[in-house]
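**Q** A single structure is presented below for examination.
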Amino acid sequence: MKKFPYAGKTGNGEARQRLEEEFREEEKPEKTAFLFLLIPLLCIGFVIFTIVYLFAASFTSNGEFVGLQNFVKLFTEDPYFWPALWHNLFWMIWAILIPVGLGFILAFILSAGLKGEGFFKGVIYFPALLSGATIGVIWSWFFLPKDNGVLNFILSKLGLMGLANPTTKLWINDPSSPVPFLWIITIPVFAISVMVILLSFFPKVSDLSLVLIVSLFGIGIPAILYETGAVSTSLVSILIASTWAGSAVSMVMFLAGMRAIPKSVLEAAKVDCASWFQTLRHVILPYLRPVFTILIVLSAISSVKAFDLVYTLAGQEGGAGHHAADVLALYIYRSLKIGNYGYASAIGVIGILVAIAPVIIYITLMRRREEE
Amino acid sequence: MDNRGLSTKIIAVGIGIMIIIAALVVLIPRGEKEKESIVVYHYWTAGADKQAVSMLSQMFENRTGIKPKMNAFTGYQDKLNLVIDTSPPDVAAHWFNNFYVGYARRGSLSDLTDFWQSEGLNQIFPEKISRLLEVDGKKYGVPLDIHWEGGVVIYNLRVLRAKGLNVPTTWEEFEALLEALKASGVEHPIAMGFKDAWPRDMVFTALLASIGGADFYIGLIRGENRWTDAPVQQAFEIYRQWCEKSYFDPSAPGLDWQEALSTFINGETAIYFMGDWACAALKQIGWKPNVDFIADFLPFKSGVRPIGIPDVEGFVIPSKAKNAQAAKEFLKFITDKNVQISFASIKGSFAPHKDARVEDYADSVQIAMWRKAENWDWALPLMWYYPQTVRNVFGDKMYEIWANPRTVNITQICEAIQAVVGG
């Protein structure tokens with residue numbers, strides 16, 4: 001608040017009054033601003049209090065201080081923690097690549113000026129309006145075991161049950177390595193996603209490097225994870241359900257980003273006889289870099305929060321008896337349910353640290369860009 | 001007037017309006033005096049259960065003039081966990097399971113021992129029932145009805161008749177039936193769905209009861225017997241063999257108990273280890289007891305003393321209930337013999353009241369089961385006696401056997417469970 005500069009001094013009554021009024025007027029906006037700030041301040045205070053409380057609670061058990069005991073138990077004894085953490089990390093990799101890549105592909109196709117573009121946009125965007133639980137219920141019908149499930153029904157009618165698990169006919173509750181059907185529909189998307197993200201950040205990368213990186217990160221590593229059973233049919237099925245809504249959000253953001261590309265640049269590419277791939281590589285993808293950046297960060301953060309889909313699709317154990325799709329949030333929930341508040345807080349602390357990592361990377365990238 | 005001045009005034013006017021509305025809500029007298037009411041939470045959300053609880057609510061209001069505000073929840077235990085110590089209902093339905101014991105021990109439930117005394121409930125309910133809901137010598141609930149949960153096997157008579165097979169009466173006949181069904185083309189004779197763990201646990205409970213009988217089963221839950229003892233190993237071994245022989249529906253991990261029941265209904269499977277409420281579900285679709293299906297206890301191995309494994313349902317009063325007096329009226333009401341019989345008849349269960357007779361029910365299958373088990377020793381389903389940590393390990397081990405029946409080591413499994421049980 002501004003201090004009246006003539007406080008304590010005497011002077012002409014009228015002039016002084018006018019000056020005082022002027023300063024009072026100026027004080028008003030500060031008071032109003034403070035009023036408006038109250039609510040955000042309360043929110044920030046609440047968030048800070050919660051995080052501090054969470055950290056404090058993570059060092060307790062049944063209300064008593066136990067030091068690092070919860071963390072030691074988590075890291076050394078708990079059979080559920082590491083698989084759940086790994087599933088969250090894989091979820092993060094998936095969320096960064098698949099919905100982002102698929103959203104880009106959809107946006108690219110729709111921006112080509114197809115007939116009925118508005119209709120397709122509406123249909124594709126629709127799942128983004130649904131809650132995670134609703135998406136879970138819808139996909140639970142899709143992935144039902146036996147021939148009751150939409151997917152099993154289609155595959156059996158096409159005589160392609162061999163691509164699924166023909167004995168158990170399970171998807172969500174199948175802890176075994178991803179079945180061939182999942183390889184066919186996900187590995188190509190992995191490869192395309194790695195390619196577009198790479199080209200968006202490094203458009204000048206050589207063709208050889210591009211092929212090598214896509215082969216390694218888009219095909220090789222997912223294939224190794226699938227083959228070794230590091231991820232399960234259950235987890236990948238749930239991730240496919242999550243992609244349904246995730247790619248819709250990405251698509252809308254990419255469409256907006258594509259609209260922002262100056263037409264003159266695209267026309268210049270045309271004049272230079274650039275092929276569609278060259279235009280994509282050297283014009284469109286670099287222009288969409290900010291969209292990729294924000295989508296990657298948001299997807300990474302949302303992956304750590306994954307709960308509703310797993311709960312509705314695989315139940316509170318993250319898979320009946322096998323925990324093949326267990327995630328940290330679900331484990332927190334189970335711990336809270338049996339009153340292990342300290343232990344649940346310790347898992348929450350790990351979750352927060354995992355979620356903060358991509359934010360730090362994002363902020364670092366942004367700062368570097370500002371410096372450039 | 002500038003915009004900033006306008007904003008301040010708008011905020012001031014808004015706050016003023018809110019204060020006036022709040023004052024009006026508080027100060028204006030209501031048109032009529034609100035009827036006394038109690039908030040009731042329960043889990044009977046569908047079918048016969050829903051009909052039964054709606055009848056219960058109507059009868060209570062007619063008798064006492066107190067309006068029960070009934071709230072039904074799926075995922076009931078989770079809901080109750082969230083509210084029981086903060087904003088609980090006045091009365092909550094509950095199974096007398098390990099959660100009930102946990103609530104009672106941590107002071108979340110009202111101690112009803114004096115209520116039992118003053119209302120003479122010890123004379124109304126058989127000792128073997130009142131004992132099941134005692135926690136450290138005190139009572140925290142009142143029973144309303146009883147289902148047969150553990151050891152119950154339902155047979156699809158349509159399939160058995162078509163294959164020329166009979167309902168078994170001995171353990172050996174039961175094992176022979178499984179073989180015969182498999183041989184006659186029923187690839188997976190036993191229906192099972194363990195999307196939720198309890199239907200799978202029920203199979204083990206039934207096996208242990210049949211092999212160990214009342215003496216071993218009760219000894220195990222009291223900690224007098226160990227999980228490494230022979231009857232437990234035998235029960236696991238039989239489960240392992242059944243998994244190895246593919247007797248169970250391989251889709252079981254993806255099915256809940258109702259979905260598993262549908263495999264039984266469509267003849268894909270012929271035997272179902274499920275509580276007697278599944279009989280009510282079958283009757284609802286028009287299946288006739290003794291014609292289309294029959295329920296019985298899994299035959300006991302020769303030489304063991306039989307045991308009944310009921311699921312006792314009733315009501316509790318949370319210690320922070322706002323209207324505990326009216327809640328006690330509700331509990332008093334549900335101890336009435338006719339109320340219990342009416343409720344149980346709709347729901348396909350039994351009244352725990354001493355004066356209720358089997359003749360009060362119409363279902364011949366249930367009457368036969370009741371008559372059989374009436375004089376046996378009773379205990380609750382096995383896992384209800386153990387904390388979640390034990391249940392987790394038990395569930396993991398049951399899955400291990402399911403997934404690797406050829407390679408799994410039963411002795412190691414028993415030792416792992418004993419280690420977590422302790423002692």
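Going by the structure tokens order, chains are called A, B, ..., each with residues numbered from 1, while ligands are numbered from 1 in the order shown.
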Step one, run DSSP on the backbone; step two, keep only residues of range 141-320 of chain A assigned to alpha helix (DSSP H); then write them as an MDAnalysis selection string.
**A** chainID A and resid 141:142 150:157 180:201 207:213 221:227 233:259 263:271 276:279 285:287 289:304 308:314
**Q** Dump as a ChimeraX atom specification the residues of chain A that approach chain B to within 10 Å, counting only C-alpha atoms.
**A** /A:25,28-33,35-36,79,143-146,167-176,313-323,333-339
**Q** Can those selected residues be exported to a file as a PDB file, in the first residue's frame so that it contains C-alpha atoms?
**A**
```pdb
ATOM      1  CA  GLU A  25      -8.368   6.246  -4.553  1.00  0.00           C
ATOM      2  CA  LYS A  28      -8.647   0.881  -3.657  1.00  0.00           C
ATOM      3  CA  PRO A  29      -7.373  -1.278  -6.504  1.00  0.00           C
ATOM      4  CA  GLU A  30      -4.898  -2.948  -4.148  1.00  0.00           C
ATOM      5  CA  LYS A  31      -7.672  -3.894  -1.749  1.00  0.00           C
ATOM      6  CA  THR A  32      -9.789  -5.239  -4.613  1.00  0.00           C
ATOM      7  CA  ALA A  33      -6.856  -7.165  -5.995  1.00  0.00           C
ATOM      8  CA  LEU A  35      -9.939  -9.759  -2.464  1.00  0.00           C
ATOM      9  CA  PHE A  36      -9.543 -11.508  -5.800  1.00  0.00           C
ATOM     10  CA  PRO A  79       6.062 -57.332  -3.584  1.00  0.00           C
ATOM     11  CA  PHE A 143     -12.875 -56.535 -23.622  1.00  0.00           C
ATOM     12  CA  LEU A 144     -15.303 -58.969 -21.946  1.00  0.00           C
ATOM     13  CA  PRO A 145     -13.980 -62.514 -21.808  1.00  0.00           C
ATOM     14  CA  LYS A 146     -15.525 -65.376 -23.755  1.00  0.00           C
ATOM     15  CA  THR A 167      -7.851 -70.658 -24.199  1.00  0.00           C
ATOM     16  CA  THR A 168      -8.769 -68.044 -21.637  1.00  0.00           C
ATOM     17  CA  LYS A 169     -10.291 -65.539 -24.092  1.00  0.00           C
ATOM     18  CA  LEU A 170      -9.178 -62.862 -21.639  1.00  0.00           C
ATOM     19  CA  TRP A 171      -7.940 -59.351 -22.235  1.00  0.00           C
ATOM     20  CA  ILE A 172      -8.127 -57.195 -19.125  1.00  0.00           C
ATOM     21  CA  ASN A 173      -7.353 -60.004 -16.719  1.00  0.00           C
ATOM     22  CA  ASP A 174      -4.734 -61.750 -18.780  1.00  0.00           C
ATOM     23  CA  PRO A 175      -1.323 -61.381 -17.101  1.00  0.00           C
ATOM     24  CA  SER A 176       0.580 -63.088 -19.916  1.00  0.00           C
ATOM     25  CA  LEU A 313     -11.501 -52.344 -15.831  1.00  0.00           C
ATOM     26  CA  ALA A 314      -9.224 -54.503 -13.691  1.00  0.00           C
ATOM     27  CA  GLY A 315     -10.660 -54.022 -10.205  1.00  0.00           C
ATOM     28  CA  GLN A 316      -8.937 -52.761  -7.109  1.00  0.00           C
ATOM     29  CA  GLU A 317      -6.118 -55.303  -7.298  1.00  0.00           C
ATOM     30  CA  GLY A 318      -5.232 -54.189 -10.808  1.00  0.00           C
ATOM     31  CA  GLY A 319      -5.983 -57.651 -12.138  1.00  0.00           C
ATOM     32  CA  ALA A 320      -7.672 -60.586 -10.471  1.00  0.00           C
ATOM     33  CA  GLY A 321      -4.996 -62.071  -8.246  1.00  0.00           C
ATOM     34  CA  HIS A 322      -2.065 -61.204 -10.484  1.00  0.00           C
ATOM     35  CA  HIS A 323      -1.734 -57.379 -10.216  1.00  0.00           C
ATOM     36  CA  TYR A 333      -6.271 -46.716  -2.463  1.00  0.00           C
ATOM     37  CA  ARG A 334      -5.881 -50.288  -1.219  1.00  0.00           C
ATOM     38  CA  SER A 335      -3.578 -49.163   1.576  1.00  0.00           C
ATOM     39  CA  LEU A 336      -6.003 -46.442   2.641  1.00  0.00           C
ATOM     40  CA  LYS A 337      -8.827 -48.946   2.618  1.00  0.00           C
ATOM     41  CA  ILE A 338      -7.191 -51.012   5.318  1.00  0.00           C
ATOM     42  CA  GLY A 339      -6.182 -47.952   7.339  1.00  0.00           C
TER      43      GLY A 339
END
```
**Q** Between CA of Ser275 in chain A and CA of Leu208 in chain A, what is the spacing in Å?
**A** 19.0 Å
**Q** With only C-alpha atoms as the atoms that count, which of B:Ile417, B:Gly314, B:Ser37, B:His147 lies nearest to Leu133 in chain B?
**A**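 Ranking B:Ile417, B:Gly314, B:Ser37, B:His147 by distance to Leu133 in chain B, first place goes to B:Gly314.
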**Q** Would you kindly return, as a compact mmCIF listing (two decimals) with N, CA and C atoms, in the first residue's frame, each protein, DNA or RNA residue with an atom no farther than 9 Å from any atom of Asp90 in chain B, considering only C-alpha atoms and excluding same-chain residues fewer than 4 positions away?
**A**
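Output saved as selection_5.txt:
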```txt
# COMPACT_ATOMS: atom_id res chain seq x y z
N ILE B 38 -34.19 -41.83 10.27
CA ILE B 38 -32.82 -42.33 10.46
C ILE B 38 -32.22 -42.63 9.10
N VAL B 39 -30.91 -42.50 9.05
CA VAL B 39 -30.20 -42.78 7.80
C VAL B 39 -29.66 -44.22 7.88
N VAL B 40 -30.05 -45.00 6.88
CA VAL B 40 -29.63 -46.42 6.85
C VAL B 40 -28.78 -46.67 5.60
N TYR B 41 -27.62 -47.26 5.77
CA TYR B 41 -26.80 -47.66 4.62
C TYR B 41 -26.88 -49.18 4.49
N VAL B 316 -25.42 -52.69 12.30
CA VAL B 316 -24.60 -52.13 13.38
C VAL B 316 -24.94 -50.65 13.52
N ILE B 317 -24.58 -50.09 14.68
CA ILE B 317 -24.75 -48.64 14.86
C ILE B 317 -23.34 -48.03 14.99
N PRO B 318 -22.94 -47.18 14.05
CA PRO B 318 -21.63 -46.54 14.19
C PRO B 318 -21.58 -45.69 15.47
N SER B 319 -20.42 -45.63 16.09
CA SER B 319 -20.35 -44.92 17.38
C SER B 319 -20.62 -43.42 17.22
N LYS B 320 -20.44 -42.89 16.00
CA LYS B 320 -20.71 -41.47 15.80
C LYS B 320 -22.08 -41.22 15.15
N ALA B 321 -22.96 -42.21 15.22
CA ALA B 321 -24.30 -42.04 14.65
C ALA B 321 -25.01 -40.88 15.34
N LYS B 322 -25.70 -40.05 14.52
CA LYS B 322 -26.33 -38.85 15.09
C LYS B 322 -27.60 -39.20 15.85
N ASN B 323 -28.31 -40.22 15.38
CA ASN B 323 -29.60 -40.54 15.97
C ASN B 323 -29.59 -41.96 16.53
N ALA B 324 -28.76 -42.17 17.54
CA ALA B 324 -28.54 -43.52 18.06
C ALA B 324 -29.81 -44.11 18.67
N ALA B 326 -33.04 -43.64 17.77
CA ALA B 326 -33.91 -44.18 16.72
C ALA B 326 -33.25 -45.39 16.05
N ALA B 327 -31.93 -45.37 16.00
CA ALA B 327 -31.20 -46.51 15.42
C ALA B 327 -31.47 -47.76 16.24
```
**Q** May I ask for the distance between CA of Ile219 in chain A and CA of Val194 in chain A, given in Å to one decimal place?
**A**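 Interatomic distance here is 9.2 Å.
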**Q** As an exercise, work out the distance from CA of Trp198 in chain B to CA of Ala48 in chain B in Å and give it to one decimal place.
**A**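 It comes out at 21.2 Å.
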**Q** Excluding range 222-237 of chain B and residues on its chain fewer than 2 positions from it, collect all residues at most 10 Å away from it, counting only C-alpha atoms, and give them as a PyMOL selection string.
**A** chain B and resi 203-213+215-220+239-243+385+397-398+401+405+408-419+421-423
**Q** Selection from above, N, CA and C atoms, as a short mmCIF file (atom, residue, chain, number, x, y, z; two decimals), in the first residue's frame, can you write it?
**A**
```cif
data_model
loop_
_atom_site.label_atom_id
_atom_site.label_comp_id
_atom_site.auth_asym_id
_atom_site.auth_seq_id
_atom_site.Cartn_x
_atom_site.Cartn_y
_atom_site.Cartn_z
N VAL B 203 -13.96 -71.55 -2.82
CA VAL B 203 -13.64 -72.92 -3.24
C VAL B 203 -12.68 -73.53 -2.22
N PHE B 204 -11.69 -72.76 -1.81
CA PHE B 204 -10.73 -73.29 -0.84
C PHE B 204 -11.41 -73.54 0.51
N THR B 205 -12.25 -72.61 0.91
CA THR B 205 -12.99 -72.77 2.16
C THR B 205 -13.76 -74.09 2.14
N ALA B 206 -14.43 -74.36 1.02
CA ALA B 206 -15.23 -75.58 0.90
C ALA B 206 -14.33 -76.81 0.97
N LEU B 207 -13.20 -76.75 0.28
CA LEU B 207 -12.29 -77.90 0.27
C LEU B 207 -11.75 -78.17 1.67
N LEU B 208 -11.34 -77.09 2.35
CA LEU B 208 -10.77 -77.27 3.68
C LEU B 208 -11.81 -77.82 4.65
N ALA B 209 -13.05 -77.31 4.53
CA ALA B 209 -14.11 -77.79 5.42
C ALA B 209 -14.38 -79.27 5.17
N SER B 210 -14.36 -79.67 3.92
CA SER B 210 -14.67 -81.06 3.60
C SER B 210 -13.55 -82.00 4.02
N ILE B 211 -12.33 -81.52 3.92
CA ILE B 211 -11.19 -82.38 4.24
C ILE B 211 -10.91 -82.39 5.75
N GLY B 212 -10.88 -81.20 6.32
CA GLY B 212 -10.52 -81.09 7.74
C GLY B 212 -11.70 -81.23 8.68
N GLY B 213 -12.90 -80.91 8.18
CA GLY B 213 -14.09 -80.96 9.04
C GLY B 213 -14.07 -79.86 10.07
N ASP B 215 -13.50 -79.79 13.29
CA ASP B 215 -12.44 -79.71 14.29
C ASP B 215 -11.20 -78.99 13.75
N PHE B 216 -10.80 -79.37 12.54
CA PHE B 216 -9.59 -78.73 12.01
C PHE B 216 -9.88 -77.27 11.64
N TYR B 217 -11.03 -77.04 10.99
CA TYR B 217 -11.38 -75.69 10.51
C TYR B 217 -11.40 -74.70 11.69
N ILE B 218 -12.09 -75.09 12.74
CA ILE B 218 -12.21 -74.19 13.90
C ILE B 218 -10.85 -74.06 14.60
N GLY B 219 -10.11 -75.15 14.63
CA GLY B 219 -8.77 -75.10 15.23
C GLY B 219 -7.85 -74.16 14.46
N LEU B 220 -8.00 -74.15 13.14
CA LEU B 220 -7.15 -73.27 12.31
C LEU B 220 -7.46 -71.80 12.58
N TYR B 239 -7.05 -78.48 -5.00
CA TYR B 239 -7.28 -77.29 -5.83
C TYR B 239 -6.27 -77.28 -6.99
N ARG B 240 -5.02 -77.60 -6.67
CA ARG B 240 -3.98 -77.64 -7.70
C ARG B 240 -4.33 -78.66 -8.80
N GLN B 241 -4.76 -79.85 -8.33
CA GLN B 241 -5.10 -80.90 -9.32
C GLN B 241 -6.27 -80.46 -10.20
N TRP B 242 -7.23 -79.81 -9.58
CA TRP B 242 -8.39 -79.35 -10.37
C TRP B 242 -7.96 -78.29 -11.39
N CYS B 243 -7.01 -77.43 -10.98
CA CYS B 243 -6.49 -76.43 -11.92
C CYS B 243 -5.75 -77.14 -13.05
N TYR B 385 -11.60 -64.35 8.97
CA TYR B 385 -10.91 -64.32 10.26
C TYR B 385 -9.51 -63.70 10.16
N LYS B 397 -1.15 -66.57 -3.55
CA LYS B 397 -0.78 -67.99 -3.63
C LYS B 397 -1.84 -68.78 -4.40
N MET B 398 -3.09 -68.46 -4.16
CA MET B 398 -4.16 -69.14 -4.91
C MET B 398 -4.00 -68.87 -6.40
N ILE B 401 -1.10 -70.94 -7.84
CA ILE B 401 -1.50 -72.33 -8.14
C ILE B 401 -2.31 -72.36 -9.43
N PRO B 405 -0.08 -74.68 -12.17
CA PRO B 405 -0.42 -75.87 -11.38
C PRO B 405 0.60 -77.00 -11.50
N VAL B 408 4.06 -75.56 -9.28
CA VAL B 408 3.95 -74.92 -7.97
C VAL B 408 4.29 -75.90 -6.83
N ASN B 409 4.89 -75.36 -5.75
CA ASN B 409 5.24 -76.22 -4.62
C ASN B 409 4.28 -75.92 -3.46
N ILE B 410 3.39 -76.87 -3.19
CA ILE B 410 2.33 -76.65 -2.21
C ILE B 410 2.92 -76.42 -0.80
N THR B 411 3.95 -77.17 -0.45
CA THR B 411 4.54 -77.02 0.89
C THR B 411 5.05 -75.59 1.08
N GLN B 412 5.73 -75.08 0.06
CA GLN B 412 6.25 -73.70 0.16
C GLN B 412 5.11 -72.69 0.28
N ILE B 413 4.04 -72.97 -0.42
CA ILE B 413 2.88 -72.06 -0.37
C ILE B 413 2.31 -72.04 1.05
N CYS B 414 2.17 -73.22 1.64
CA CYS B 414 1.63 -73.30 3.01
C CYS B 414 2.56 -72.58 3.99
N GLU B 415 3.85 -72.75 3.80
CA GLU B 415 4.81 -72.09 4.69
C GLU B 415 4.74 -70.58 4.56
N ALA B 416 4.58 -70.11 3.32
CA ALA B 416 4.51 -68.65 3.10
C ALA B 416 3.28 -68.07 3.80
N ILE B 417 2.16 -68.78 3.74
CA ILE B 417 0.94 -68.26 4.40
C ILE B 417 1.11 -68.32 5.91
N GLN B 418 1.67 -69.42 6.40
CA GLN B 418 1.89 -69.53 7.85
C GLN B 418 2.80 -68.41 8.34
N ALA B 419 3.80 -68.07 7.52
CA ALA B 419 4.74 -67.02 7.93
C ALA B 419 4.02 -65.69 8.12
N VAL B 421 0.73 -65.37 8.67
CA VAL B 421 -0.26 -65.53 9.75
C VAL B 421 0.46 -65.36 11.10
N GLY B 422 1.69 -65.88 11.15
CA GLY B 422 2.49 -65.75 12.37
C GLY B 422 2.18 -66.85 13.37
N GLY B 423 2.92 -66.88 14.45
CA GLY B 423 2.67 -67.87 15.49
C GLY B 423 3.38 -69.19 15.26
#
```
**Q** Can you tell me, as a list in words, what residues are no more than 9 Å from Val153 in chain B when counting only C-alpha atoms, ignoring any on the same chain fewer than 4 positions away?
**A**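 Once the adjacent positions are removed, what remains is Ala206, Ile271, Tyr272, Phe273, Met274, Gly275, Asp276, Ile294, Ala295, Asp296, Phe297 and Leu298 of chain B.
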**Q** Restricted to C-alpha atoms, what would the selected residues look like written as a compact mmCIF listing (two decimals), in the first residue's frame?
**A**
```
# COMPACT_ATOMS: atom_id res chain seq x y z
CA ALA B 206 -15.23 -75.58 0.90
CA ILE B 271 -21.07 -77.24 -10.83
CA TYR B 272 -20.80 -73.96 -8.96
CA PHE B 273 -19.24 -73.28 -5.57
CA MET B 274 -21.37 -70.34 -4.50
CA GLY B 275 -23.47 -69.14 -1.58
CA ASP B 276 -27.15 -69.97 -1.57
CA ILE B 294 -30.08 -78.34 -6.66
CA ALA B 295 -27.84 -76.96 -3.92
CA ASP B 296 -26.11 -79.03 -1.30
CA PHE B 297 -23.02 -78.98 0.88
CA LEU B 298 -19.82 -80.30 -0.64
```
**Q** Considering only C-alpha atoms, can you say which of A:Leu198, A:Leu280, A:Ile238, A:Ile301 comes closest to Ile360 in chain A?
**A**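 Checking each of A:Leu198, A:Leu280, A:Ile238, A:Ile301 against Ile360 in chain A, counting only C-alpha atoms, the winner is A:Ile301.
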**Q** Got a sec: who's within 12 Å of Gln117 in chain B, counting only C-alpha atoms, leaving out chain neighbours fewer than 6 positions off, as a ChimeraX atom specification?
**A** /B:111,123-124,138-139
**Q** Can you tell me which residues surround Leu181 in chain B at a distance of at most 10 Å, considering only C-alpha atoms, apart from same-chain residues fewer than 5 positions away, and format the answer as number ranges by chain?
**A** B: 159-160, 163-165, 176, 186-190, 247, 269-271
**Q** Please, which residues of range 170-276 of chain B, numbered as in this document, come out strand (DSSP E) from DSSP, as a list in words?
**A**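 Filtering range 170-276 of chain B down to strand (DSSP E) leaves Ile190, Ala191, Ile271, Tyr272 and Phe273 of chain B.
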**Q** Just to be explicit: take each residue in the selection above, keep N, CA and C atoms, and write the result as a PDB file, in the first residue's frame.
**A**
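Wrote it out as part.pdb, contents follow:
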```
ATOM      1  N   ILE B 190     -16.462 -76.942 -13.606  1.00  0.00           N
ATOM      2  CA  ILE B 190     -16.742 -76.043 -12.472  1.00  0.00           C
ATOM      3  C   ILE B 190     -16.778 -74.583 -12.918  1.00  0.00           C
ATOM      4  N   ALA B 191     -17.887 -73.925 -12.634  1.00  0.00           N
ATOM      5  CA  ALA B 191     -18.004 -72.486 -12.922  1.00  0.00           C
ATOM      6  C   ALA B 191     -17.226 -71.722 -11.871  1.00  0.00           C
ATOM      7  N   ILE B 271     -21.214 -77.268 -12.287  1.00  0.00           N
ATOM      8  CA  ILE B 271     -21.070 -77.239 -10.831  1.00  0.00           C
ATOM      9  C   ILE B 271     -20.606 -75.845 -10.437  1.00  0.00           C
ATOM     10  N   TYR B 272     -21.180 -75.313  -9.361  1.00  0.00           N
ATOM     11  CA  TYR B 272     -20.799 -73.960  -8.965  1.00  0.00           C
ATOM     12  C   TYR B 272     -20.655 -73.886  -7.447  1.00  0.00           C
ATOM     13  N   PHE B 273     -19.470 -73.507  -6.994  1.00  0.00           N
ATOM     14  CA  PHE B 273     -19.243 -73.280  -5.566  1.00  0.00           C
ATOM     15  C   PHE B 273     -19.684 -71.851  -5.262  1.00  0.00           C
TER      16      PHE B 273
END
```
